[in-house]
Amino acid sequence: MSFVIITDTSANIPKRIVEERDIKIIPFSYFVDGVEHTCTDIEGFDGEGYYAMMKGHTNVTTCQIPPQRYADFFEPFVKAGQDVLFISMSSGISGSYSSSNIAAMQLKETYPDRTVCSVDTKGASLGEGIVALRAADCRDKGMSFEETAGFARALSDRICQVFTVDDLMFLRKGGRISNVTAIVGTVLNIKPLLKGDEEGRIIAFAKVRGRKHSIEAIAERYDRLVEHPEEQTIGIANAACAEDAEYLIRLLKRNNPPKEILSVCYEPVTGSHVGPGALALFFEGRDGARDEIQ
């Protein structure tokens, strides 16, 4: 039985790759001074201009995808006889996973023989995108819908997400950080280290003096927790700090070089919450690695 893999633009996968891998994308919207935009091609996105605009205090807001929009996007596939595997942004930072489940229940009433299943990746950006790409690998190897969904859920629990930001204001403003009192910000050049926890929430877990040391601290967590890097495509997302991303790449290749590194600019929706200067690393760790990040 055939099935389609769908994710959203938060997954941060370049358009050329989703087209090569036959992954369908539903776009999130973001609003600049009240005007709605979407971004489906991160490689054509002016990240430098966008994050400079945010630094200048231009008002950027986002909204989750409502259930009906999910239902409208999924329906042509189920109507054509395909099941739908939706790889979702973390329920710990967005209500969109819940909305996709509501859409699935709606479609089940009309198409009782079809299955629409959402996987909560407990991640965003390439923490979500890596799961979608690996699910496409499973499908292309001939694994069943159920096997692919099970693999995606298990992988989601092992994807480590470690990042730093220049200013906690953006996470604080959107309510995306769970322990906002843990770190006071970037006073005296103190840089926070953050992670996605086991429930997909953003947690501040350490602070480091200086930007360079914060990047080195990210690489240290990778070296300590990565599993079989030679078999992995790992992800890096940066919000207009490409030179920092290149430095991180050099550090990652030093001790445990991965099979491949997918380095992208943060797409505008997730990027609006982490803010200019955010730098994030996504990789597969051993069981329990998310809890071990400290």
# chains A, B, ... in the order shown; residues from 1 in each chain; ligands from 1
call {"tool": "residues_around", "arguments": {"residues": "Arg69 in chain A", "least_positions_apart": "3", "cutoff": "9 Å", "atoms": "only C-alpha atoms", "output": "MDAnalysis selection string"}}
result
chainID A and resid 26 65:66 72:74 100 103
call {"tool": "write_last_selection", "arguments": {"atoms": "all heavy atoms", "output": "short mmCIF file (atom, residue, chain, number, x, y, z; two decimals), in the first residue's frame"}}
result
data_model
loop_
_atom_site.label_atom_id
_atom_site.label_comp_id
_atom_site.auth_asym_id
_atom_site.auth_seq_id
_atom_site.Cartn_x
_atom_site.Cartn_y
_atom_site.Cartn_z
N ILE A 26 3.95 21.38 3.68
CA ILE A 26 2.89 22.33 3.95
C ILE A 26 3.54 23.55 4.63
O ILE A 26 4.31 23.39 5.57
CB ILE A 26 1.78 21.72 4.83
CG1 ILE A 26 0.66 22.75 5.08
CG2 ILE A 26 2.30 21.14 6.13
CD1 ILE A 26 -0.58 22.15 5.71
N ILE A 65 -0.47 26.16 12.04
CA ILE A 65 -1.36 25.76 10.95
C ILE A 65 -2.65 25.23 11.56
O ILE A 65 -2.61 24.31 12.39
CB ILE A 65 -0.69 24.68 10.08
CG1 ILE A 65 0.61 25.23 9.47
CG2 ILE A 65 -1.64 24.21 8.98
CD1 ILE A 65 1.44 24.18 8.75
N PRO A 66 -3.82 25.76 11.19
CA PRO A 66 -5.07 25.29 11.78
C PRO A 66 -5.48 23.93 11.22
O PRO A 66 -5.04 23.53 10.13
CB PRO A 66 -6.08 26.37 11.38
CG PRO A 66 -5.51 26.96 10.12
CD PRO A 66 -4.02 26.90 10.26
N ASP A 72 -7.24 20.07 4.38
CA ASP A 72 -7.28 20.41 2.96
C ASP A 72 -6.02 19.95 2.24
O ASP A 72 -6.07 19.56 1.07
CB ASP A 72 -7.44 21.93 2.79
CG ASP A 72 -8.80 22.44 3.24
OD1 ASP A 72 -9.73 21.61 3.39
OD2 ASP A 72 -8.93 23.66 3.46
N PHE A 73 -4.87 20.01 2.93
CA PHE A 73 -3.61 19.60 2.31
C PHE A 73 -3.52 18.08 2.20
O PHE A 73 -3.04 17.53 1.20
CB PHE A 73 -2.43 20.14 3.12
CG PHE A 73 -1.12 20.08 2.41
CD1 PHE A 73 -0.68 21.14 1.62
CD2 PHE A 73 -0.29 18.97 2.52
CE1 PHE A 73 0.54 21.09 0.96
CE2 PHE A 73 0.93 18.90 1.87
CZ PHE A 73 1.35 19.97 1.08
N PHE A 74 -3.98 17.37 3.23
CA PHE A 74 -3.90 15.91 3.25
C PHE A 74 -4.92 15.24 2.32
O PHE A 74 -4.65 14.16 1.78
CB PHE A 74 -4.14 15.39 4.67
CG PHE A 74 -3.13 15.78 5.70
CD1 PHE A 74 -3.44 15.68 7.06
CD2 PHE A 74 -1.86 16.24 5.35
CE1 PHE A 74 -2.52 16.03 8.04
CE2 PHE A 74 -0.93 16.59 6.32
CZ PHE A 74 -1.27 16.49 7.67
N SER A 100 -2.79 18.78 13.50
CA SER A 100 -2.71 17.74 12.48
C SER A 100 -3.48 16.50 12.90
O SER A 100 -4.08 15.80 12.06
CB SER A 100 -1.24 17.38 12.21
OG SER A 100 -0.64 16.70 13.29
N ALA A 103 -7.12 17.12 12.22
CA ALA A 103 -7.38 16.93 10.79
C ALA A 103 -7.46 15.45 10.44
O ALA A 103 -8.30 15.03 9.64
CB ALA A 103 -6.28 17.61 9.98
#
call {"tool": "residues_around", "arguments": {"residues": "range 271-280 of chain A", "least_positions_apart": "4", "cutoff": "9 Å", "atoms": "only C-alpha atoms", "output": "PyMOL selection string"}}
result
chain A and resi 30+50-52+54-55+60-62+125-126+161-176+215+218+235-242+244-245+265-267
call {"tool": "select_by_dssp", "arguments": {"residues": "range 76-294 of chain A", "states": "helix (DSSP H, G or I)", "output": "ChimeraX atom specification"}}
result
/A:76-79,96-110,126-140,145-158,169-173,180-182,187-189,211-225,229-231,242-255,268-274,289-292
call {"tool": "atom_distance", "arguments": {"atom1": "CA of Ser118 in chain A", "atom2": "CA of Ser98 in chain A"}}
result
9.0 Å
call {"tool": "select_by_dssp", "arguments": {"residues": "range 25-152 of chain A", "states": "strand (DSSP E)", "output": "list in words"}}
result
Ile25, Ile26, Ser29, Tyr30, Phe31, Val32, Val35, Glu36, His37, Val60, Thr61, Thr62, Cys63, Asp83, Val84, Leu85, Phe86, Ile87, Ser88, Val116, Cys117, Ser118, Val119 and Asp120 of chain A
call {"tool": "closest_residue", "arguments": {"among": "A:Ser2, A:Phe145, A:Ile13, A:Asp291", "to": "Glu43 in chain A", "atoms": "only C-alpha atoms"}}
result
A:Ile13
call {"tool": "atom_distance", "arguments": {"atom1": "CA of Cys117 in chain A", "atom2": "CA of Val264 in chain A"}}
result
27.7 Å
call {"tool": "closest_residue", "arguments": {"among": "A:Ala135, A:Ala11, A:Met53, A:Val208", "to": "Cys39 in chain A", "atoms": "only C-alpha atoms"}}
result
A:Ala11
call {"tool": "atom_distance", "arguments": {"atom1": "CA of Asp137 in chain A", "atom2": "CA of Phe283 in chain A"}}
result
16.5 Å
call {"tool": "closest_residue", "arguments": {"among": "A:Glu109, A:Pro27, A:Gln294, A:Glu246", "to": "Lys207 in chain A", "atoms": "only C-alpha atoms"}}
result
A:Gln294
call {"tool": "closest_residue", "arguments": {"among": "A:Ala154, A:Ile202, A:Leu193, A:Cys138", "to": "Arg286 in chain A", "atoms": "only C-alpha atoms"}}
result
A:Ala154
